[in-house]
>>> print(open('coords03.tsv').read())   # TSV, C-alpha atoms
chain	number	residue	atom	x	y	z
A	1	MET	CA	-22.20	22.39	-5.22
A	2	GLY	CA	-25.36	23.37	-7.04
A	3	HIS	CA	-27.35	21.26	-9.42
A	4	ILE	CA	-30.22	21.59	-11.82
A	5	THR	CA	-33.43	19.62	-11.74
A	6	THR	CA	-34.34	17.67	-14.84
A	7	PRO	CA	-38.10	17.92	-15.43
A	8	SER	CA	-40.09	14.89	-16.46
A	9	THR	CA	-41.84	16.91	-19.15
A	10	ALA	CA	-40.53	17.87	-22.58
A	11	GLU	CA	-39.21	21.10	-21.10
A	12	ARG	CA	-35.66	20.21	-20.15
A	13	PRO	CA	-32.62	22.36	-19.37
A	14	GLY	CA	-30.87	23.53	-22.51
A	15	PHE	CA	-27.42	22.36	-23.53
A	16	SER	CA	-25.76	25.72	-22.70
A	17	ASP	CA	-27.47	26.03	-19.31
A	18	THR	CA	-26.43	22.52	-18.37
A	19	LEU	CA	-22.87	23.10	-19.54
A	20	ARG	CA	-22.61	26.18	-17.33
A	21	ALA	CA	-24.00	24.23	-14.38
A	22	LEU	CA	-21.45	21.49	-14.99
A	23	GLU	CA	-18.65	24.01	-14.59
A	24	GLN	CA	-19.74	24.33	-10.97
A	25	ALA	CA	-20.15	20.59	-10.38
A	26	GLN	CA	-16.68	19.21	-11.03
A	27	LYS	CA	-14.75	16.87	-8.76
A	28	PRO	CA	-11.33	18.00	-7.50
A	29	GLY	CA	-8.54	17.31	-9.97
A	30	ILE	CA	-5.59	17.16	-7.57
A	31	GLY	CA	-3.36	14.23	-8.48
A	32	VAL	CA	-5.74	12.92	-11.15
A	33	PRO	CA	-3.80	11.69	-14.22
A	34	ALA	CA	-3.39	14.39	-16.85
A	35	TYR	CA	-5.54	13.01	-19.67
A	36	THR	CA	-8.48	12.32	-17.36
A	37	ARG	CA	-8.09	15.65	-15.59
A	38	TRP	CA	-7.70	18.05	-18.50
A	39	VAL	CA	-9.07	16.20	-21.53
A	40	ASN	CA	-11.51	13.47	-20.64
A	41	ARG	CA	-13.45	15.35	-17.98
A	42	ARG	CA	-13.80	18.40	-20.23
A	43	ILE	CA	-15.04	16.32	-23.15
A	44	ALA	CA	-17.37	14.51	-20.77
A	45	ARG	CA	-19.04	17.82	-19.87
A	46	TYR	CA	-20.31	18.14	-23.43
A	47	PHE	CA	-21.53	14.55	-23.41
A	48	ALA	CA	-23.21	15.15	-20.05
A	49	ALA	CA	-24.86	18.38	-21.20
A	50	ALA	CA	-26.19	16.60	-24.29
A	51	ALA	CA	-27.49	13.73	-22.15
A	52	VAL	CA	-29.33	16.08	-19.79
A	53	SER	CA	-30.86	18.04	-22.65
A	54	LEU	CA	-32.04	14.77	-24.21
A	55	GLY	CA	-33.37	13.42	-20.92
A	56	ILE	CA	-30.91	10.52	-20.71
A	57	THR	CA	-30.37	9.30	-17.15
A	58	PRO	CA	-26.95	8.65	-15.60
A	59	ASN	CA	-27.58	4.91	-15.86
A	60	GLY	CA	-28.50	5.40	-19.50
A	61	VAL	CA	-25.17	7.13	-20.12
A	62	THR	CA	-23.40	4.25	-18.33
A	63	ALA	CA	-25.15	1.80	-20.64
A	64	VAL	CA	-24.15	3.75	-23.76
A	65	SER	CA	-20.58	3.96	-22.49
A	66	ALA	CA	-20.44	0.21	-21.91
A	67	ALA	CA	-21.94	-0.48	-25.35
A	68	ILE	CA	-19.37	1.69	-27.14
A	69	SER	CA	-16.49	0.12	-25.22
A	70	ALA	CA	-17.92	-3.30	-26.08
A	71	ALA	CA	-17.99	-2.28	-29.75
A	72	GLY	CA	-14.28	-1.48	-29.52
A	73	VAL	CA	-13.63	-4.90	-27.99
A	74	ILE	CA	-15.62	-6.61	-30.76
A	75	VAL	CA	-13.57	-4.82	-33.43
A	76	LEU	CA	-10.38	-5.85	-31.62
A	77	LEU	CA	-11.57	-9.46	-31.52
A	78	THR	CA	-12.81	-9.78	-35.08
A	79	ALA	CA	-10.83	-7.45	-37.34
A	80	PRO	CA	-7.28	-8.07	-38.56
A	81	PRO	CA	-4.59	-5.92	-36.88
A	82	THR	CA	-4.36	-3.10	-39.39
A	83	ILE	CA	-3.70	0.60	-38.91
A	84	LEU	CA	-7.38	1.34	-39.58
A	85	THR	CA	-8.44	-1.23	-37.00
A	86	GLY	CA	-6.19	0.38	-34.42
A	87	VAL	CA	-7.58	3.85	-35.09
A	88	ILE	CA	-11.19	2.61	-34.83
A	89	VAL	CA	-10.50	0.70	-31.62
A	90	ALA	CA	-8.70	3.63	-30.00
A	91	LEU	CA	-11.52	6.03	-30.90
A	92	LEU	CA	-14.20	3.68	-29.58
A	93	PHE	CA	-12.31	3.08	-26.35
A	94	ALA	CA	-11.70	6.82	-25.86
A	95	LEU	CA	-15.35	7.62	-26.59
A	96	GLY	CA	-16.49	4.96	-24.14
A	97	TYR	CA	-14.15	6.37	-21.51
A	98	GLY	CA	-15.44	9.89	-22.11
A	99	LEU	CA	-19.00	8.72	-21.56
A	100	ASP	CA	-17.84	6.85	-18.47
A	101	SER	CA	-16.91	10.21	-16.98
A	102	ALA	CA	-20.11	11.79	-18.25
A	103	ASP	CA	-22.48	9.56	-16.28
A	104	GLY	CA	-21.16	10.86	-12.97
A	105	GLN	CA	-21.39	14.43	-14.21
A	106	VAL	CA	-25.02	13.91	-15.22
A	107	ALA	CA	-25.74	12.49	-11.78
A	108	ARG	CA	-24.10	15.42	-9.99
A	109	VAL	CA	-25.58	18.19	-12.07
A	110	THR	CA	-29.13	16.78	-11.88
A	111	GLY	CA	-28.92	15.64	-8.26
A	112	ALA	CA	-29.62	12.09	-9.41
A	113	SER	CA	-26.70	10.44	-7.62
A	114	SER	CA	-27.62	7.18	-5.92
A	115	PRO	CA	-25.85	4.18	-4.37
A	116	ALA	CA	-27.36	1.99	-7.10
A	117	GLY	CA	-25.99	4.21	-9.85
A	118	GLU	CA	-22.56	4.36	-8.24
A	119	TRP	CA	-22.59	0.58	-7.87
A	120	LEU	CA	-23.50	0.11	-11.52
A	121	ASP	CA	-20.74	2.48	-12.63
A	122	HIS	CA	-18.13	0.63	-10.58
A	123	VAL	CA	-19.28	-2.77	-11.82
A	124	VAL	CA	-18.97	-1.64	-15.44
A	125	ASP	CA	-15.55	-0.13	-14.72
A	126	SER	CA	-14.36	-3.33	-13.04
A	127	MET	CA	-15.22	-5.29	-16.20
A	128	ARG	CA	-14.19	-2.81	-18.88
A	129	VAL	CA	-10.39	-2.73	-18.61
A	130	PRO	CA	-9.85	-6.47	-17.93
A	131	THR	CA	-11.98	-7.17	-21.00
A	132	VAL	CA	-9.71	-4.93	-23.09
A	133	HIS	CA	-6.64	-6.88	-21.95
A	134	LEU	CA	-8.31	-10.24	-22.59
A	135	ALA	CA	-9.31	-9.08	-26.09
A	136	THR	CA	-5.66	-8.09	-26.61
A	137	LEU	CA	-4.66	-11.60	-25.58
A	138	VAL	CA	-7.03	-13.04	-28.20
A	139	GLY	CA	-5.47	-10.78	-30.83
A	140	PHE	CA	-1.99	-11.99	-29.88
A	141	ILE	CA	-3.16	-15.61	-30.09
A	142	ARG	CA	-4.87	-15.16	-33.45
A	143	PHE	CA	-1.99	-13.29	-35.09
A	144	PRO	CA	1.22	-14.42	-33.33
A	145	GLU	CA	3.32	-14.01	-36.46
A	146	TYR	CA	2.18	-10.38	-36.80
A	147	PHE	CA	3.09	-9.42	-33.23
A	148	SER	CA	6.31	-11.45	-33.02
A	149	ALA	CA	9.69	-9.83	-33.66
A	150	SER	CA	10.97	-12.92	-35.43
A	151	HIS	CA	7.66	-13.57	-37.24
A	152	THR	CA	7.41	-16.96	-35.54
A	153	THR	CA	5.65	-18.08	-32.40
A	154	ASP	CA	9.02	-18.85	-30.79
A	155	GLY	CA	10.70	-15.48	-31.16
A	156	PHE	CA	10.88	-12.58	-28.73
A	157	PRO	CA	8.47	-11.02	-27.99
A	158	GLY	CA	6.46	-13.92	-29.43
A	159	GLY	CA	5.45	-17.26	-28.01
A	160	TRP	CA	4.61	-17.43	-24.33
A	161	ILE	CA	5.45	-13.75	-23.74
A	162	LEU	CA	2.61	-12.69	-26.02
A	163	TRP	CA	0.27	-14.79	-23.89
A	164	ALA	CA	1.69	-13.89	-20.49
A	165	LEU	CA	1.76	-10.10	-20.96
A	166	PRO	CA	-2.00	-9.40	-21.30
A	167	MET	CA	-2.80	-12.05	-18.69
A	168	ALA	CA	-0.47	-10.34	-16.23
A	169	PHE	CA	-1.97	-6.95	-17.12
A	170	THR	CA	-5.46	-8.35	-16.45
A	171	VAL	CA	-4.44	-9.62	-13.00
A	172	LEU	CA	-2.70	-6.33	-12.21
A	173	THR	CA	-5.77	-4.32	-13.23
A	174	ALA	CA	-8.15	-6.44	-11.17
A	175	GLY	CA	-5.88	-6.29	-8.13
A	176	HIS	CA	-5.39	-2.54	-8.39
A	177	PHE	CA	-9.13	-1.89	-8.71
A	178	MET	CA	-9.87	-4.02	-5.63
A	179	SER	CA	-7.03	-2.34	-3.74
A	180	GLN	CA	-8.37	1.13	-4.48
A	181	ILE	CA	-12.02	0.34	-3.69
A	182	LEU	CA	-11.33	-1.65	-0.54
A	183	ALA	CA	-8.82	0.85	0.85
A	184	GLU	CA	-11.38	3.63	0.34
A	185	GLN	CA	-14.05	1.69	2.24
A	186	LEU	CA	-11.68	0.78	5.06
A	187	ARG	CA	-10.67	4.43	5.41
A	188	LYS	CA	-14.34	5.38	5.64
A	189	ASN	CA	-14.86	2.78	8.36
A	190	ARG	CA	-11.88	4.15	10.27
A	191	LYS	CA	-13.07	7.71	9.62
A	192	THR	CA	-9.75	8.63	8.03
A	193	ALA	CA	-9.06	10.10	4.61
A	194	ALA	CA	-6.26	9.94	2.09
A	195	PRO	CA	-4.37	13.24	1.86
A	196	SER	CA	-3.79	15.32	-1.22
A	197	THR	CA	-1.75	13.39	-3.79
A	198	GLY	CA	0.01	16.34	-5.38
A	199	GLY	CA	-0.59	19.04	-7.94
A	200	ASN	CA	-0.11	19.42	-11.66
A	201	LEU	CA	3.25	17.64	-11.75
A	202	ARG	CA	1.75	14.57	-10.09
A	203	SER	CA	-0.96	14.51	-12.76
A	204	PHE	CA	1.69	14.18	-15.48
A	205	ILE	CA	3.72	11.67	-13.47
A	206	ASN	CA	0.59	9.50	-13.21
A	207	LEU	CA	-0.14	9.67	-16.93
A	208	HIS	CA	0.90	6.04	-17.42
A	209	MET	CA	-1.87	5.04	-14.98
A	210	ASP	CA	-4.49	6.99	-16.93
A	211	ALA	CA	-7.28	4.93	-18.51
A	212	GLY	CA	-7.09	7.34	-21.44
A	213	THR	CA	-3.49	6.32	-22.07
A	214	LEU	CA	-4.56	2.69	-22.38
A	215	CYS	CA	-7.29	3.71	-24.84
A	216	TRP	CA	-4.96	5.59	-27.14
A	217	ILE	CA	-2.07	3.09	-27.29
A	218	TYR	CA	-4.29	1.02	-29.59
A	219	ILE	CA	-3.39	3.54	-32.28
A	220	PHE	CA	-0.27	1.32	-32.52
A	221	TRP	CA	-2.29	-1.92	-32.88
A	222	GLY	CA	-1.65	-2.00	-36.63
A	223	PHE	CA	2.12	-1.70	-36.14
A	224	GLY	CA	2.61	-5.19	-34.73
A	225	VAL	CA	5.76	-5.44	-32.64
A	226	ILE	CA	5.74	-1.70	-31.92
A	227	PHE	CA	2.40	-2.15	-30.16
A	228	VAL	CA	3.78	-5.05	-28.13
A	229	PHE	CA	6.69	-2.97	-26.86
A	230	VAL	CA	4.48	0.04	-26.06
A	231	TYR	CA	2.03	-2.27	-24.28
A	232	ALA	CA	4.86	-3.95	-22.36
A	233	LEU	CA	6.33	-0.62	-21.26
A	234	LEU	CA	2.90	0.51	-20.08
A	235	PHE	CA	2.52	-2.72	-18.12
A	236	LEU	CA	5.90	-2.35	-16.44
A	237	ALA	CA	5.21	1.27	-15.49
A	238	ASN	CA	1.77	0.34	-14.13
A	239	ALA	CA	3.16	-2.64	-12.23
A	240	ALA	CA	5.83	-0.55	-10.50
A	241	THR	CA	3.30	2.10	-9.47
A	242	VAL	CA	0.64	-0.40	-8.35
A	243	LEU	CA	3.08	-2.39	-6.22
A	244	LEU	CA	4.34	0.78	-4.56
A	245	SER	CA	0.77	1.96	-3.99
A	246	MET	CA	-0.26	-1.39	-2.49
A	247	ARG	CA	2.68	-1.35	-0.14
A	248	ARG	CA	1.73	2.13	1.09
A	249	LYS	CA	-1.87	1.07	1.55
A	250	TYR	CA	-0.91	-1.97	3.57
A	251	VAL	CA	1.47	-0.04	5.82
A	252	THR	CA	-0.90	2.85	6.46
A	253	LEU	CA	-3.96	0.64	7.00
A	254	ALA	CA	-1.92	-1.38	9.49
A	255	THR	CA	-1.26	1.84	11.42
A	256	PRO	CA	-3.72	2.49	14.30
A	257	ALA	CA	-6.51	4.90	13.29
A	258	SER	CA	-5.46	7.34	16.01
A	259	SER	CA	-2.07	7.80	14.37
A	260	PRO	CA	-1.56	11.06	12.45
A	261	SER	CA	0.07	9.05	9.67
A	262	GLN	CA	-2.06	9.09	6.54
A	263	GLU	CA	-1.88	7.20	3.29
A	264	ALA	CA	-0.03	8.92	0.48
>>> encode(input="coords03.tsv", output="structure tokens")
Amino acid sequence: MGHITTPSTAERPGFSDTLRALEQAQKPGIGVPAYTRWVNRRIARYFAAAAVSLGITPNGVTAVSAAISAAGVIVLLTAPPTILTGVIVALLFALGYGLDSADGQVARVTGASSPAGEWLDHVVDSMRVPTVHLATLVGFIRFPEYFSASHTTDGFPGGWILWALPMAFTVLTAGHFMSQILAEQLRKNRKTAAPSTGGNLRSFINLHMDAGTLCWIYIFWGFGVIFVFVYALLFLANAATVLLSMRRKYVTLATPASSPSQEA
């Protein structure tokens, strides 16, 4: 995989040159959820090319990504749940996610990858999605009558369900992130690797697990109960997949390293 060197002087690679180089510096897309694979990563190339041409470092892109995602959270926390609010929040979350993919592309294409940069990226990622769910919880608490089917805090899906749903999603997200990261490190220690997770069909099957899907469901934020049901369905689909994934990880990591069995 080739890369370009970013000079410290004003003479930097042009946008078009960087974009062409990025075409040769992409991670494999096998099994990656569809939005991330075919939409987010392609959009991120343009962000990455712009960052390189402007001399912005990978860590700088990470910081901008975090700031834009934080702006979306602030809007979610402070603005009333209207259709316009939902559109703004979804756009900010999607933009932040696009830049989250761009920082790694900048690092690869410029040869600036480092353990510190990877650590920073993972730390930001580990905080981003739980913060979104906690901000959703605050929205449910502030406007229970808006998100309740019966327009009271006692109706379904109002009351305690409105509180429990984002809290459960937060726990699920944190557990899944730890599961993924720790399993990867344990496989490295055992000198084993996860096999291919499927082709194009698997990418569409995994769409409910896509971070981009979470970003765009906030389009429904201004539709009250409709958002709650969409959010609940996304949680249930994620929970089923995460529990199945964790079970596979446990079973395969419990298998002796010499076994040909690999984690699916």
>>> residues_around(input="coords03.tsv", residues="region 123-128 of chain A", least_positions_apart="5", cutoff="12 Å", atoms="all atoms listed in the file", output="mmCIF file with C-alpha atoms, in the coordinates of the input")
data_model
loop_
_atom_site.group_PDB
_atom_site.id
_atom_site.type_symbol
_atom_site.label_atom_id
_atom_site.label_comp_id
_atom_site.auth_asym_id
_atom_site.auth_seq_id
_atom_site.Cartn_x
_atom_site.Cartn_y
_atom_site.Cartn_z
ATOM 1 C CA ASN A 59 -27.580 4.910 -15.860
ATOM 2 C CA VAL A 61 -25.170 7.130 -20.120
ATOM 3 C CA THR A 62 -23.400 4.250 -18.330
ATOM 4 C CA ALA A 63 -25.150 1.800 -20.640
ATOM 5 C CA VAL A 64 -24.150 3.750 -23.760
ATOM 6 C CA SER A 65 -20.580 3.960 -22.490
ATOM 7 C CA ALA A 66 -20.440 0.210 -21.910
ATOM 8 C CA ALA A 67 -21.940 -0.480 -25.350
ATOM 9 C CA ILE A 68 -19.370 1.690 -27.140
ATOM 10 C CA SER A 69 -16.490 0.120 -25.220
ATOM 11 C CA ALA A 70 -17.920 -3.300 -26.080
ATOM 12 C CA ALA A 71 -17.990 -2.280 -29.750
ATOM 13 C CA GLY A 72 -14.280 -1.480 -29.520
ATOM 14 C CA VAL A 73 -13.630 -4.900 -27.990
ATOM 15 C CA PHE A 93 -12.310 3.080 -26.350
ATOM 16 C CA GLY A 96 -16.490 4.960 -24.140
ATOM 17 C CA TYR A 97 -14.150 6.370 -21.510
ATOM 18 C CA LEU A 99 -19.000 8.720 -21.560
ATOM 19 C CA ASP A 100 -17.840 6.850 -18.470
ATOM 20 C CA SER A 101 -16.910 10.210 -16.980
ATOM 21 C CA ASP A 103 -22.480 9.560 -16.280
ATOM 22 C CA ALA A 116 -27.360 1.990 -7.100
ATOM 23 C CA GLY A 117 -25.990 4.210 -9.850
ATOM 24 C CA GLU A 118 -22.560 4.360 -8.240
ATOM 25 C CA HIS A 133 -6.640 -6.880 -21.950
ATOM 26 C CA LEU A 134 -8.310 -10.240 -22.590
ATOM 27 C CA ALA A 135 -9.310 -9.080 -26.090
ATOM 28 C CA THR A 170 -5.460 -8.350 -16.450
ATOM 29 C CA VAL A 171 -4.440 -9.620 -13.000
ATOM 30 C CA THR A 173 -5.770 -4.320 -13.230
ATOM 31 C CA ALA A 174 -8.150 -6.440 -11.170
ATOM 32 C CA GLY A 175 -5.880 -6.290 -8.130
ATOM 33 C CA HIS A 176 -5.390 -2.540 -8.390
ATOM 34 C CA PHE A 177 -9.130 -1.890 -8.710
ATOM 35 C CA MET A 178 -9.870 -4.020 -5.630
ATOM 36 C CA SER A 179 -7.030 -2.340 -3.740
ATOM 37 C CA GLN A 180 -8.370 1.130 -4.480
ATOM 38 C CA ILE A 181 -12.020 0.340 -3.690
ATOM 39 C CA ALA A 211 -7.280 4.930 -18.510
ATOM 40 C CA LEU A 214 -4.560 2.690 -22.380
ATOM 41 C CA CYS A 215 -7.290 3.710 -24.840
#
>>> atom_distance(input="coords03.tsv", atom1="CA of Ala90 (chain A)", atom2="CA of Trp216 (chain A)")
5.1 Å
>>> atom_distance(input="coords03.tsv", atom1="CA of Glu145 (chain A)", atom2="CA of Phe227 (chain A)")
13.5 Å
>>> closest_residue(input="coords03.tsv", among="A:Pro13, A:Val87, A:Leu234, A:Lys188", to="Leu253 (chain A)", atoms="all atoms listed in the file")
A:Lys188
>>> closest_residue(input="coords03.tsv", among="A:Tyr250, A:Glu184, A:Phe223, A:Ala237", to="Thr85 (chain A)", atoms="all atoms listed in the file")
A:Phe223
>>> atom_distance(input="coords03.tsv", atom1="CA of Gly55 (chain A)", atom2="CA of Gly212 (chain A)")
27.0 Å
>>> residues_near_point(input="coords03.tsv", point="(-7.2, -12.3, -23.0)", cutoff="9 Å", atoms="all atoms listed in the file", output="PyMOL selection string")
chain A and resi 130-141+163+166-167+170
>>> axis_aligned_box(input="coords03.tsv", around="region 139-142 of chain A", padding_each_side="5 Å", output="lines of an AutoDock Vina configuration file")
center_x = -3.7
center_y = -13.2
center_z = -31.7
size_x = 13.5
size_y = 14.8
size_z = 13.6
>>> closest_residue(input="coords03.tsv", among="A:Leu77, A:Val89, A:Val230, A:Ala107", to="Val52 (chain A)", atoms="all atoms listed in the file")
A:Ala107
>>> residues_around(input="coords03.tsv", residues="Phe147 (chain A)", least_positions_apart="3", cutoff="7 Å", atoms="all atoms listed in the file", output="MDAnalysis selection string")
chainID A and resid 140 143:144 158 224:225 228
>>> closest_residue(input="coords03.tsv", among="A:Gly159, A:Tyr231, A:Pro80, A:Gly60", to="Leu120 (chain A)", atoms="all atoms listed in the file")
A:Gly60
>>> closest_residue(input="coords03.tsv", among="A:Leu22, A:Val39, A:Ala34, A:Ala254", to="Leu186 (chain A)", atoms="all atoms listed in the file")
A:Ala254
>>> closest_residue(input="coords03.tsv", among="A:Leu95, A:Ile56, A:Val242, A:Val106", to="Ile43 (chain A)", atoms="all atoms listed in the file")
A:Leu95
